[in-house]
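Everything below belongs to data.csv, which stores CSV, C-alpha atoms and all ligand atoms.
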chain,number,residue,atom,x,y,z
Q,1,MET,CA,-11.8,-75.9,-20.1
Q,2,LYS,CA,-8.8,-73.5,-19.8
Q,3,PRO,CA,-7.6,-72.8,-16.2
Q,4,ILE,CA,-7.8,-69.1,-17.0
Q,5,GLU,CA,-10.2,-67.8,-19.6
Q,6,SER,CA,-9.7,-64.1,-18.9
Q,7,LEU,CA,-8.1,-61.9,-16.3
Q,8,ASP,CA,-11.2,-59.6,-16.1
Q,9,GLN,CA,-12.3,-60.8,-12.7
Q,10,LEU,CA,-8.8,-60.3,-11.2
Q,11,GLN,CA,-8.7,-56.8,-12.7
Q,12,GLN,CA,-12.1,-56.0,-11.2
Q,13,MET,CA,-11.1,-57.3,-7.8
Q,14,CYS,CA,-7.8,-55.4,-7.7
Q,15,HIS,CA,-10.0,-52.2,-8.1
Q,16,ILE,CA,-12.3,-53.1,-5.2
Q,17,SER,CA,-11.6,-51.5,-1.8
Q,18,ALA,CA,-12.2,-54.0,1.0
Q,19,LEU,CA,-10.3,-53.3,4.2
Q,20,SER,CA,-10.4,-56.0,6.9
Q,21,GLY,CA,-13.8,-55.8,8.6
Q,22,HIS,CA,-15.2,-53.7,5.7
Q,23,GLU,CA,-15.4,-56.3,3.0
Q,24,GLU,CA,-18.9,-55.5,1.7
Q,25,ASP,CA,-17.9,-54.8,-1.9
Q,26,MET,CA,-15.9,-58.1,-2.1
Q,27,ILE,CA,-18.7,-60.0,-0.4
Q,28,VAL,CA,-21.1,-58.8,-3.0
Q,29,TYR,CA,-18.6,-59.5,-5.8
Q,30,MET,CA,-17.7,-63.0,-4.7
Q,31,LYS,CA,-21.3,-64.0,-4.0
Q,32,GLY,CA,-22.3,-62.8,-7.5
Q,33,GLU,CA,-19.4,-64.6,-9.3
Q,34,MET,CA,-19.9,-67.9,-7.3
Q,35,SER,CA,-23.7,-67.8,-7.9
Q,36,ARG,CA,-23.0,-67.9,-11.7
Q,37,TYR,CA,-21.9,-71.6,-11.2
Q,38,LEU,CA,-23.5,-72.8,-8.0
Q,39,SER,CA,-26.9,-72.2,-6.6
Q,40,ASN,CA,-26.1,-72.8,-2.9
Q,41,VAL,CA,-24.2,-69.6,-1.9
Q,42,ARG,CA,-24.6,-67.9,1.4
Q,43,VAL,CA,-23.0,-65.3,3.6
Q,44,ASP,CA,-22.4,-66.1,7.3
Q,45,ARG,CA,-22.9,-63.6,10.1
Q,46,LEU,CA,-19.3,-62.5,10.0
Q,47,GLY,CA,-19.2,-62.0,6.2
Q,48,ASN,CA,-17.6,-65.2,5.0
Q,49,VAL,CA,-19.1,-66.2,1.6
Q,50,ILE,CA,-19.7,-70.0,1.4
Q,51,ALA,CA,-20.6,-71.8,-1.9
Q,52,VAL,CA,-21.4,-75.5,-1.7
Q,53,LYS,CA,-21.1,-78.1,-4.4
Q,54,GLU,CA,-22.6,-81.4,-3.3
Q,55,GLY,CA,-20.7,-84.6,-3.8
Q,56,LYS,CA,-21.9,-87.9,-5.2
Q,57,SER,CA,-23.0,-89.3,-1.9
Q,58,SER,CA,-24.1,-87.6,1.2
Q,59,ASP,CA,-21.5,-89.4,3.4
Q,60,GLY,CA,-18.5,-88.5,1.2
Q,61,PRO,CA,-15.7,-86.4,2.6
Q,62,LYS,CA,-16.1,-82.6,3.0
Q,63,VAL,CA,-13.4,-80.4,1.5
Q,64,MET,CA,-13.1,-76.7,2.3
Q,65,ILE,CA,-11.0,-74.5,0.1
Q,66,SER,CA,-10.7,-70.9,1.2
Q,67,ALA,CA,-9.1,-67.6,0.3
Q,68,HIS,CA,-9.4,-64.3,2.2
Q,69,MET,CA,-10.9,-61.4,0.4
Q,70,ASP,CA,-10.0,-58.6,2.7
Q,71,GLU,CA,-6.9,-56.4,2.4
Q,72,VAL,CA,-4.5,-54.4,4.5
Q,73,GLY,CA,-5.0,-50.6,4.8
Q,74,PHE,CA,-5.7,-48.0,7.3
Q,75,MET,CA,-8.4,-46.3,9.4
Q,76,VAL,CA,-8.8,-42.6,9.9
Q,77,ARG,CA,-7.5,-41.9,13.4
Q,78,LYS,CA,-7.8,-38.1,13.6
Q,79,ILE,CA,-8.6,-35.1,11.5
Q,80,GLU,CA,-6.3,-32.1,12.0
Q,81,PRO,CA,-8.0,-28.6,12.3
Q,82,SER,CA,-6.2,-27.9,9.0
Q,83,GLY,CA,-8.2,-30.7,7.3
Q,84,PHE,CA,-5.2,-33.1,7.0
Q,85,ILE,CA,-5.9,-36.7,8.0
Q,86,ARG,CA,-4.0,-38.9,10.4
Q,87,ILE,CA,-4.2,-42.7,9.9
Q,88,ALA,CA,-3.7,-45.9,11.9
Q,89,ARG,CA,-2.6,-49.1,10.3
Q,90,VAL,CA,-4.9,-52.1,9.8
Q,91,GLY,CA,-2.7,-55.1,9.1
Q,92,GLY,CA,0.9,-55.2,8.2
Q,93,VAL,CA,1.4,-52.1,6.1
Q,94,PRO,CA,5.0,-51.2,5.3
Q,95,GLU,CA,5.6,-47.6,6.3
Q,96,LYS,CA,8.6,-47.4,4.0
Q,97,SER,CA,6.5,-47.6,0.9
Q,98,LEU,CA,3.8,-45.1,1.9
Q,99,PRO,CA,4.8,-41.5,1.1
Q,100,ALA,CA,3.3,-40.1,-2.1
Q,101,GLN,CA,0.8,-43.0,-2.5
Q,102,ARG,CA,-2.8,-42.6,-3.6
Q,103,LEU,CA,-5.4,-43.8,-1.2
Q,104,VAL,CA,-9.2,-44.4,-1.2
Q,105,LEU,CA,-11.0,-43.1,1.8
Q,106,ARG,CA,-14.5,-44.7,2.0
Q,107,GLY,CA,-16.4,-41.8,3.4
Q,108,SER,CA,-20.1,-41.9,4.3
Q,109,LYS,CA,-20.9,-39.9,1.2
Q,110,GLY,CA,-18.7,-41.8,-1.2
Q,111,ASP,CA,-15.1,-42.5,-2.0
Q,112,VAL,CA,-12.6,-39.7,-1.5
Q,113,LEU,CA,-9.1,-39.6,-3.0
Q,114,GLY,CA,-6.2,-39.1,-0.6
Q,115,ILE,CA,-2.5,-38.5,-1.1
Q,116,ILE,CA,0.0,-39.4,1.6
Q,117,GLY,CA,2.1,-36.2,1.7
Q,118,PRO,CA,5.8,-36.6,1.4
Q,119,LYS,CA,7.7,-33.6,2.6
Q,120,SER,CA,8.7,-31.5,-0.4
Q,121,HIS,CA,12.0,-32.8,-1.6
Q,122,HIS,CA,13.6,-29.3,-2.1
Q,123,LEU,CA,13.0,-28.5,1.6
Q,124,THR,CA,14.0,-31.9,3.1
Q,125,PRO,CA,17.3,-31.6,5.0
Q,126,PRO,CA,19.9,-34.3,4.0
Q,127,GLU,CA,19.7,-36.1,7.3
Q,128,GLU,CA,15.9,-36.8,6.7
Q,129,ARG,CA,16.3,-38.0,3.1
Q,130,TYR,CA,17.0,-41.7,3.9
Q,131,LYS,CA,14.8,-42.1,6.9
Q,132,VAL,CA,11.5,-43.9,7.0
Q,133,VAL,CA,8.7,-41.7,8.3
Q,134,ARG,CA,6.6,-43.4,11.0
Q,135,ILE,CA,2.9,-43.9,10.4
Q,136,ASN,CA,1.9,-41.4,13.2
Q,137,ASP,CA,4.0,-38.7,11.6
Q,138,LEU,CA,2.5,-39.2,8.1
Q,139,TYR,CA,-0.5,-37.2,7.0
Q,140,VAL,CA,-3.1,-37.6,4.2
Q,141,ASP,CA,-4.1,-34.7,2.0
Q,142,ILE,CA,-7.8,-35.1,0.9
Q,143,GLY,CA,-8.2,-31.6,-0.5
Q,144,ALA,CA,-10.0,-30.3,2.6
Q,145,HIS,CA,-9.1,-26.9,4.0
Q,146,SER,CA,-10.5,-27.6,7.5
Q,147,LYS,CA,-11.8,-30.3,9.8
Q,148,ALA,CA,-15.3,-29.2,9.1
Q,149,GLU,CA,-14.7,-29.5,5.3
Q,150,ALA,CA,-13.4,-33.1,5.8
Q,151,GLU,CA,-16.4,-34.0,7.8
Q,152,GLU,CA,-18.6,-32.5,5.1
Q,153,MET,CA,-17.0,-35.0,2.8
Q,154,GLY,CA,-18.2,-37.8,5.1
Q,155,ILE,CA,-14.8,-38.5,6.7
Q,156,TYR,CA,-14.6,-39.3,10.4
Q,157,PRO,CA,-12.3,-41.3,12.8
Q,158,GLY,CA,-13.0,-44.9,11.8
Q,159,THR,CA,-13.4,-44.2,8.1
Q,160,PRO,CA,-11.8,-47.2,6.2
Q,161,VAL,CA,-8.9,-46.5,3.9
Q,162,THR,CA,-7.1,-48.7,1.3
Q,163,TYR,CA,-4.5,-48.3,-1.4
Q,164,HIS,CA,-5.8,-47.1,-4.7
Q,165,GLY,CA,-6.9,-49.7,-7.1
Q,166,PHE,CA,-4.5,-50.9,-9.8
Q,167,PHE,CA,-4.1,-53.8,-12.2
Q,168,GLN,CA,-1.9,-54.3,-15.3
Q,169,GLU,CA,-0.4,-57.2,-17.1
Q,170,MET,CA,3.4,-57.0,-17.4
Q,171,ALA,CA,5.9,-58.5,-19.8
Q,172,GLY,CA,7.0,-62.1,-19.2
Q,173,GLY,CA,3.8,-63.5,-17.9
Q,174,GLN,CA,3.7,-61.3,-14.8
Q,175,ILE,CA,0.9,-59.3,-13.3
Q,176,ALA,CA,1.0,-56.2,-11.2
Q,177,GLY,CA,-1.9,-55.2,-8.9
Q,178,LYS,CA,-3.2,-53.7,-5.7
Q,179,ALA,CA,-3.9,-56.3,-3.1
Q,180,LEU,CA,-2.9,-59.4,-5.1
Q,181,ASP,CA,-2.7,-60.6,-1.6
Q,182,ASN,CA,-5.2,-62.1,-1.7
Q,183,ARG,CA,-7.3,-61.1,-4.8
Q,184,ALA,CA,-5.0,-63.5,-6.7
Q,185,GLY,CA,-6.2,-66.3,-4.2
Q,186,CYS,CA,-9.8,-65.2,-4.7
Q,187,PHE,CA,-9.3,-65.4,-8.5
Q,188,VAL,CA,-7.8,-68.9,-8.2
Q,189,LEU,CA,-10.7,-69.9,-6.0
Q,190,LEU,CA,-13.2,-68.7,-8.6
Q,191,GLN,CA,-11.4,-70.6,-11.4
Q,192,VAL,CA,-11.3,-73.8,-9.4
Q,193,LEU,CA,-15.0,-73.4,-8.7
Q,194,ARG,CA,-15.8,-72.8,-12.3
Q,195,LEU,CA,-13.8,-75.9,-13.4
Q,196,LEU,CA,-15.3,-78.2,-10.7
Q,197,ALA,CA,-18.9,-76.9,-10.9
Q,198,ASP,CA,-20.1,-79.5,-13.5
Q,199,LYS,CA,-17.9,-82.3,-12.5
Q,200,ASP,CA,-18.8,-85.4,-10.4
Q,201,SER,CA,-16.8,-85.3,-7.3
Q,202,SER,CA,-17.0,-87.7,-4.5
Q,203,ALA,CA,-16.3,-84.9,-2.0
Q,204,THR,CA,-18.8,-82.2,-1.1
Q,205,ILE,CA,-16.8,-79.0,-1.7
Q,206,TYR,CA,-17.1,-75.8,0.2
Q,207,PHE,CA,-15.6,-72.7,-1.5
Q,208,VAL,CA,-15.1,-70.0,1.1
Q,209,ALA,CA,-14.1,-66.4,0.6
Q,210,SER,CA,-13.2,-65.3,4.1
Q,211,VAL,CA,-13.0,-62.1,6.0
Q,212,GLN,CA,-10.7,-60.4,8.5
Q,213,GLU,CA,-7.5,-62.3,7.7
Q,214,GLU,CA,-5.3,-59.2,7.6
Q,215,PHE,CA,-6.8,-58.1,10.9
Q,216,SER,CA,-6.9,-61.2,13.2
Q,217,ILE,CA,-6.3,-64.1,10.8
Q,218,ARG,CA,-9.3,-65.8,12.5
Q,219,GLY,CA,-12.2,-64.7,10.3
Q,220,ILE,CA,-12.4,-68.2,8.8
Q,221,VAL,CA,-12.8,-69.9,12.1
Q,222,PRO,CA,-16.6,-69.7,12.5
Q,223,ALA,CA,-17.1,-70.8,8.9
Q,224,ALA,CA,-14.9,-73.8,9.5
Q,225,PHE,CA,-16.7,-74.6,12.7
Q,226,THR,CA,-20.1,-74.6,10.8
Q,227,ILE,CA,-18.8,-76.5,7.8
Q,228,ASN,CA,-16.8,-79.0,9.9
Q,229,PRO,CA,-14.7,-80.1,6.9
Q,230,ASP,CA,-12.5,-83.3,6.8
Q,231,ILE,CA,-9.9,-81.4,4.8
Q,232,ALA,CA,-9.1,-77.7,4.6
Q,233,ILE,CA,-7.0,-76.2,1.8
Q,234,GLY,CA,-5.9,-72.6,2.3
Q,235,LEU,CA,-5.1,-70.4,-0.7
Q,236,ASP,CA,-2.9,-67.3,-0.4
Q,237,VAL,CA,0.3,-65.8,-1.7
Q,238,ALA,CA,3.8,-67.0,-0.9
Q,239,ILE,CA,6.7,-64.5,-0.8
Q,240,ALA,CA,8.8,-64.9,-3.9
Q,241,CYS,CA,12.4,-64.5,-2.8
Q,242,ASP,CA,13.9,-64.2,-6.3
Q,243,THR,CA,14.5,-60.4,-6.0
Q,244,PRO,CA,18.1,-59.2,-5.2
Q,245,ASP,CA,17.2,-58.2,-1.7
Q,246,LEU,CA,15.7,-61.6,-0.6
Q,247,ASN,CA,17.3,-64.4,-2.5
Q,248,ALA,CA,19.3,-65.7,0.4
Q,249,LEU,CA,16.1,-66.5,2.4
Q,250,SER,CA,14.4,-69.2,0.2
Q,251,ASP,CA,14.3,-70.6,-3.3
Q,252,VAL,CA,10.6,-69.7,-3.8
Q,253,ARG,CA,10.6,-67.9,-7.2
Q,254,PHE,CA,8.5,-67.1,-10.2
Q,255,GLY,CA,8.2,-69.8,-12.9
Q,256,ALA,CA,8.9,-72.7,-10.6
Q,257,GLY,CA,5.3,-73.8,-9.9
Q,258,PRO,CA,2.7,-73.6,-7.2
Q,259,VAL,CA,4.0,-73.4,-3.6
Q,260,ILE,CA,3.2,-76.0,-0.9
Q,261,SER,CA,3.9,-74.9,2.6
Q,262,HIS,CA,5.7,-77.2,5.1
Q,263,TYR,CA,5.9,-74.6,7.9
Q,264,THR,CA,4.6,-71.2,8.8
Q,265,PHE,CA,5.2,-69.6,12.1
Q,266,HIS,CA,4.6,-66.1,13.6
Q,267,GLY,CA,5.9,-65.6,17.1
Q,268,ARG,CA,5.1,-61.9,17.7
Q,269,GLY,CA,1.7,-61.9,19.4
Q,270,THR,CA,-0.1,-64.7,17.6
Q,271,LEU,CA,2.3,-67.5,18.5
Q,272,CYS,CA,0.8,-69.6,15.8
Q,273,GLY,CA,1.5,-71.2,12.4
Q,274,LEU,CA,0.8,-74.3,10.5
Q,275,ILE,CA,2.6,-77.6,10.1
Q,276,PRO,CA,0.3,-79.2,7.6
Q,277,ASN,CA,-1.1,-82.7,7.9
Q,278,PRO,CA,1.8,-84.6,6.3
Q,279,LYS,CA,-0.3,-87.0,4.3
Q,280,LEU,CA,-2.5,-84.2,2.9
Q,281,ARG,CA,0.6,-82.2,2.0
Q,282,GLU,CA,2.1,-85.2,0.2
Q,283,TYR,CA,-1.2,-85.9,-1.5
Q,284,MET,CA,-0.8,-82.5,-3.1
Q,285,VAL,CA,2.8,-83.2,-4.1
Q,286,GLU,CA,1.9,-86.6,-5.6
Q,287,THR,CA,-1.0,-85.1,-7.5
Q,288,ALA,CA,1.3,-82.4,-9.0
Q,289,ALA,CA,3.8,-85.1,-10.0
Q,290,GLN,CA,1.0,-87.0,-11.9
Q,291,LEU,CA,0.2,-83.8,-13.7
Q,292,ASN,CA,3.8,-83.0,-14.4
Q,293,ILE,CA,3.5,-79.8,-12.5
Q,294,PRO,CA,6.6,-78.7,-10.6
Q,295,VAL,CA,6.0,-77.6,-7.0
Q,296,GLN,CA,8.0,-75.4,-4.6
Q,297,ARG,CA,8.2,-76.4,-1.0
Q,298,SER,CA,8.1,-73.4,1.3
Q,299,VAL,CA,9.3,-72.8,4.9
Q,300,PHE,CA,8.1,-69.4,6.0
Q,301,PHE,CA,9.3,-68.1,9.4
Q,302,GLY,CA,7.7,-64.8,10.4
Q,303,GLY,CA,4.3,-65.1,8.9
Q,304,LEU,CA,1.2,-67.4,8.8
Q,305,TYR,CA,-2.0,-68.0,7.0
Q,306,GLU,CA,-5.6,-68.3,8.2
Q,307,THR,CA,-5.4,-72.2,8.1
Q,308,SER,CA,-3.2,-72.0,11.2
Q,309,PHE,CA,-6.2,-71.6,13.5
Q,310,LEU,CA,-8.1,-74.4,11.9
Q,311,THR,CA,-6.0,-76.8,13.9
Q,312,LEU,CA,-7.9,-75.5,16.9
Q,313,VAL,CA,-11.4,-76.0,15.5
Q,314,ARG,CA,-13.4,-79.0,16.7
Q,315,GLU,CA,-11.1,-82.0,16.6
Q,316,GLY,CA,-8.4,-80.2,14.7
Q,317,ILE,CA,-9.0,-79.9,10.9
Q,318,PRO,CA,-6.3,-81.4,8.7
Q,319,ALA,CA,-5.1,-78.5,6.7
Q,320,VAL,CA,-2.6,-77.5,4.0
Q,321,ASP,CA,-1.5,-74.2,2.6
Q,322,MET,CA,-1.2,-73.7,-1.2
Q,323,ALA,CA,0.0,-70.5,-2.7
Q,324,LEU,CA,1.3,-68.7,-5.8
Q,325,PRO,CA,4.5,-66.7,-5.6
Q,326,VAL,CA,4.1,-63.0,-5.2
Q,327,ARG,CA,6.7,-60.2,-4.8
Q,328,TYR,CA,6.5,-57.0,-2.7
Q,329,THR,CA,3.8,-58.3,-0.4
Q,330,HIS,CA,1.7,-55.7,1.4
Q,331,ALA,CA,3.2,-52.8,-0.7
Q,332,PRO,CA,0.7,-50.7,-2.6
Q,333,ILE,CA,1.4,-52.7,-5.7
Q,334,GLU,CA,2.4,-56.4,-5.7
Q,335,VAL,CA,3.7,-58.5,-8.6
Q,336,GLY,CA,2.6,-62.0,-9.3
Q,337,SER,CA,3.4,-64.8,-11.7
Q,338,LEU,CA,0.7,-65.9,-14.1
Q,339,PRO,CA,2.2,-69.3,-15.2
Q,340,ASP,CA,2.5,-70.4,-11.6
Q,341,MET,CA,-1.1,-69.3,-11.0
Q,342,GLU,CA,-2.3,-71.3,-13.9
Q,343,GLN,CA,-0.6,-74.4,-12.6
Q,344,LEU,CA,-2.0,-73.8,-9.2
Q,345,ILE,CA,-5.5,-73.8,-10.6
Q,346,ILE,CA,-4.9,-77.1,-12.5
Q,347,LEU,CA,-3.3,-78.7,-9.5
Q,348,LEU,CA,-6.1,-77.7,-7.1
Q,349,THR,CA,-8.8,-78.7,-9.4
Q,350,ALA,CA,-7.4,-82.2,-9.9
Q,351,ALA,CA,-6.5,-82.7,-6.3
Q,352,ILE,CA,-10.0,-81.8,-5.0
Q,353,GLU,CA,-11.6,-83.9,-7.8
Q,354,GLY,CA,-9.5,-86.8,-6.7
Q,355,VAL,CA,-10.4,-86.7,-3.0
Q,356,GLY,CA,-12.4,-89.8,-2.1
Q,357,PRO,CA,-13.4,-91.7,1.0
Q,358,GLU,CA,-10.2,-93.7,0.7
Q,359,LEU,CA,-7.9,-90.7,1.3
Q,360,ASP,CA,-6.2,-91.5,4.6
Q,361,LEU,CA,-5.1,-88.6,6.7
Q,362,SER,CA,-4.7,-90.5,10.0
Q,363,ARG,CA,-1.6,-89.8,12.2
Q,364,GLY,CA,-0.6,-93.3,13.0
A,401,ZN,ZN,-2.9,-63.0,2.4
Written as structure tokens, how would this file's structure read?
Ligand SMILES: [Zn+2]
Amino acid sequence: MKPIESLDQLQQMCHISALSGHEEDMIVYMKGEMSRYLSNVRVDRLGNVIAVKEGKSSDGPKVMISAHMDEVGFMVRKIEPSGFIRIARVGGVPEKSLPAQRLVLRGSKGDVLGIIGPKSHHLTPPEERYKVVRINDLYVDIGAHSKAEAEEMGIYPGTPVTYHGFFQEMAGGQIAGKALDNRAGCFVLLQVLRLLADKDSSATIYFVASVQEEFSIRGIVPAAFTINPDIAIGLDVAIACDTPDLNALSDVRFGAGPVISHYTFHGRGTLCGLIPNPKLREYMVETAAQLNIPVQRSVFFGGLYETSFLTLVREGIPAVDMALPVRYTHAPIEVGSLPDMEQLIILLTAAIEGVGPELDLSRG
């Protein structure tokens, strides 16, 4: 079976609006797609979608592979008397890429198109032209002439807002899409599930599409507590530094294979990160070598993935972060690399299939 048969699912997911804490449309989508291959699919109280594939024996190892399905965006903070909308950030939204963007406001009466108004260029004084406008000074035009008209459209403080859906294949095996972080991860999760669904695996496999990663990074925690896996594999995007503005930071780039993280750390507020279980990390490297798949080793200071908090669940779950390289993270459109995504799917499928009771993750 091919690692990718079609990009339709990714295209569909890049058009779904699922702000952190408002993942309903992605929950329904992932539950539906997982149910095509596995009968045991449930949604936990927080919204995590969990599909289970039983292993050969009931006392075999339990492997959890997860990808978050929420996305960054905004919440309506205030409606001006004039009908213009003020917004607050949900997750790490870059203010510099916001003016003139299209947004989707998920009003109580349906979706409403919004445009983040950039000051008309002709009337922008020279000293303002190269400045980033702060989020609190930005406004969204939804076509309303008054606050009452905006409310009539079903828009209130608290209305969830995301970037407008987009997906397109580019030249050179690249893909451009809204929220590739982490719809690309969800897509990889679905392909791995499809490829493993009919195979005999010694491990029982839990496929988890998680919530609230872009908000608190901890939405996965209750699911992990319930599953109590022996191994956790996190699936997300890694920052490709092959663009002219970042190439001094790391060698993670398009076309050089799946990314295996050695270190993530985020000091501002969360004070967390993941140094993966060394044996689990090297198991991934060795599996890739057997498959002749190149891998990229990543050290990411300044960010983290949801696996970070799994070290605090129960006895501390051995975890590793796997990713595909993506450019322009958290911008309205991100660009990813298809060949690396394909290799990531092949690697994960083989690695999970190969997990048996003999895999030793002890720390000496
Ligand atoms: Zn992510």
In Å, how far is it from atom CA of Q:Val52 to atom CA of Q:Leu310?
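Going from atom CA of Q:Val52 over to atom CA of Q:Leu310 covers 19.1 Å.
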Report as a PyMOL selection string all protein, DNA and RNA residues lying within 12 Å of Q:Ile231, evaluated on only C-alpha atoms, omitting residues in the same chain fewer than 6 positions from it.
chain Q and resi 60-66+203-206+224+276-277+279-281+283+307+310-311+315-321+351-352+355-357+359-362
Save out the residues we just selected, C-alpha atoms, as a PDB file, in the coordinates of the input.
ATOM      1  CA  GLY Q  60     -18.500 -88.500   1.200  1.00  0.00           C
ATOM      2  CA  PRO Q  61     -15.700 -86.400   2.600  1.00  0.00           C
ATOM      3  CA  LYS Q  62     -16.100 -82.600   3.000  1.00  0.00           C
ATOM      4  CA  VAL Q  63     -13.400 -80.400   1.500  1.00  0.00           C
ATOM      5  CA  MET Q  64     -13.100 -76.700   2.300  1.00  0.00           C
ATOM      6  CA  ILE Q  65     -11.000 -74.500   0.100  1.00  0.00           C
ATOM      7  CA  SER Q  66     -10.700 -70.900   1.200  1.00  0.00           C
ATOM      8  CA  ALA Q 203     -16.300 -84.900  -2.000  1.00  0.00           C
ATOM      9  CA  THR Q 204     -18.800 -82.200  -1.100  1.00  0.00           C
ATOM     10  CA  ILE Q 205     -16.800 -79.000  -1.700  1.00  0.00           C
ATOM     11  CA  TYR Q 206     -17.100 -75.800   0.200  1.00  0.00           C
ATOM     12  CA  ALA Q 224     -14.900 -73.800   9.500  1.00  0.00           C
ATOM     13  CA  PRO Q 276       0.300 -79.200   7.600  1.00  0.00           C
ATOM     14  CA  ASN Q 277      -1.100 -82.700   7.900  1.00  0.00           C
ATOM     15  CA  LYS Q 279      -0.300 -87.000   4.300  1.00  0.00           C
ATOM     16  CA  LEU Q 280      -2.500 -84.200   2.900  1.00  0.00           C
ATOM     17  CA  ARG Q 281       0.600 -82.200   2.000  1.00  0.00           C
ATOM     18  CA  TYR Q 283      -1.200 -85.900  -1.500  1.00  0.00           C
ATOM     19  CA  THR Q 307      -5.400 -72.200   8.100  1.00  0.00           C
ATOM     20  CA  LEU Q 310      -8.100 -74.400  11.900  1.00  0.00           C
ATOM     21  CA  THR Q 311      -6.000 -76.800  13.900  1.00  0.00           C
ATOM     22  CA  GLU Q 315     -11.100 -82.000  16.600  1.00  0.00           C
ATOM     23  CA  GLY Q 316      -8.400 -80.200  14.700  1.00  0.00           C
ATOM     24  CA  ILE Q 317      -9.000 -79.900  10.900  1.00  0.00           C
ATOM     25  CA  PRO Q 318      -6.300 -81.400   8.700  1.00  0.00           C
ATOM     26  CA  ALA Q 319      -5.100 -78.500   6.700  1.00  0.00           C
ATOM     27  CA  VAL Q 320      -2.600 -77.500   4.000  1.00  0.00           C
ATOM     28  CA  ASP Q 321      -1.500 -74.200   2.600  1.00  0.00           C
ATOM     29  CA  ALA Q 351      -6.500 -82.700  -6.300  1.00  0.00           C
ATOM     30  CA  ILE Q 352     -10.000 -81.800  -5.000  1.00  0.00           C
ATOM     31  CA  VAL Q 355     -10.400 -86.700  -3.000  1.00  0.00           C
ATOM     32  CA  GLY Q 356     -12.400 -89.800  -2.100  1.00  0.00           C
ATOM     33  CA  PRO Q 357     -13.400 -91.700   1.000  1.00  0.00           C
ATOM     34  CA  LEU Q 359      -7.900 -90.700   1.300  1.00  0.00           C
ATOM     35  CA  ASP Q 360      -6.200 -91.500   4.600  1.00  0.00           C
ATOM     36  CA  LEU Q 361      -5.100 -88.600   6.700  1.00  0.00           C
ATOM     37  CA  SER Q 362      -4.700 -90.500  10.000  1.00  0.00           C
TER      38      SER Q 362
END
Students should find that atom CA of Q:His22 and atom CA of Q:Ser308 are spaced 22.6 Å
As a ChimeraX atom specification, please: every protein or nucleic acid residue near ligand ZN 401 (chain A) (cut-off 10 Å, counting only C-alpha atoms and all ligand atoms).
/Q:67-72,179-185,213-214,217,235-238,303-306,323,329-330
Using all atoms listed in the file for the distances, tell me which of Q:Ala197, Q:Met1, Q:Val104, Q:Leu348 is nearest to Q:Gly165.
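Looking at the shortest contact to Q:Gly165, the residue is Q:Val104.
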Which residue out of Q:Ala148, Q:Cys272, Q:Ala256, Q:Val161 has the minimum interatomic distance to Q:Ile79 when all atoms listed in the file are used?
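For Q:Ile79, the nearest of the candidates is Q:Ala148.
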For Q:Val93: contacts at 9 Å, only C-alpha atoms, fewer than 5 positions along chain excluded, given as a PyMOL selection string
chain Q and resi 72-74+98+330-332
One-decimal distance in Å that lies between atom CA of Q:Leu249 and atom CA of Q:Leu274
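Value for the atom CA of Q:Leu274-atom CA of Q:Leu249 distance: 19.0 Å.
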Which one is closest to Q:Val326: Q:Ser261, Q:Gln174, Q:Ser120, Q:Gln9? Count only C-alpha atoms.
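Selected residue with least distance to Q:Val326: Q:Gln174.
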Rank nothing, just name the residue among Q:Phe207, Q:Tyr139, Q:Phe166, Q:Phe215 nearest to Q:Glu33, using all atoms listed in the file.
Q:Phe207
Minimum-distance residue to Q:Ser57, chosen among Q:Phe187, Q:Ser202, Q:Thr124, Q:Phe301 (using only C-alpha atoms)
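Closest to Q:Ser57 of all the choices is Q:Ser202.
Neighbouring residues of Q:Phe225 at 10 Å or closer, counting all atoms listed in the file and skipping chain neighbours under 3 positions away, are Ile220, Val221, Pro222, Asn228, Pro229, Leu310, Leu312, Val313, Arg314 and Ile317 of chain Q.
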Closest to Q:Leu196 among Q:Gly55, Q:Gly21, Q:Gly269, Q:Gly219, using all atoms listed in the file?
Q:Gly55
Residue neighbourhood Q:Tyr328, 12 Å, only C-alpha atoms, exclusion window fewer than 5 positions, as a PyMOL selection string
chain Q and resi 93-94+96-97+176-181+237-243+245-246+333-336
Please tell me which residues are no farther than 12 Å from (1.3, -71.9, -14.1) in the file, counting all atoms listed in the file, and write them as a PyMOL selection string.
chain Q and resi 2-4+173-174+188+254-259+288+291-295+323-325+336-348
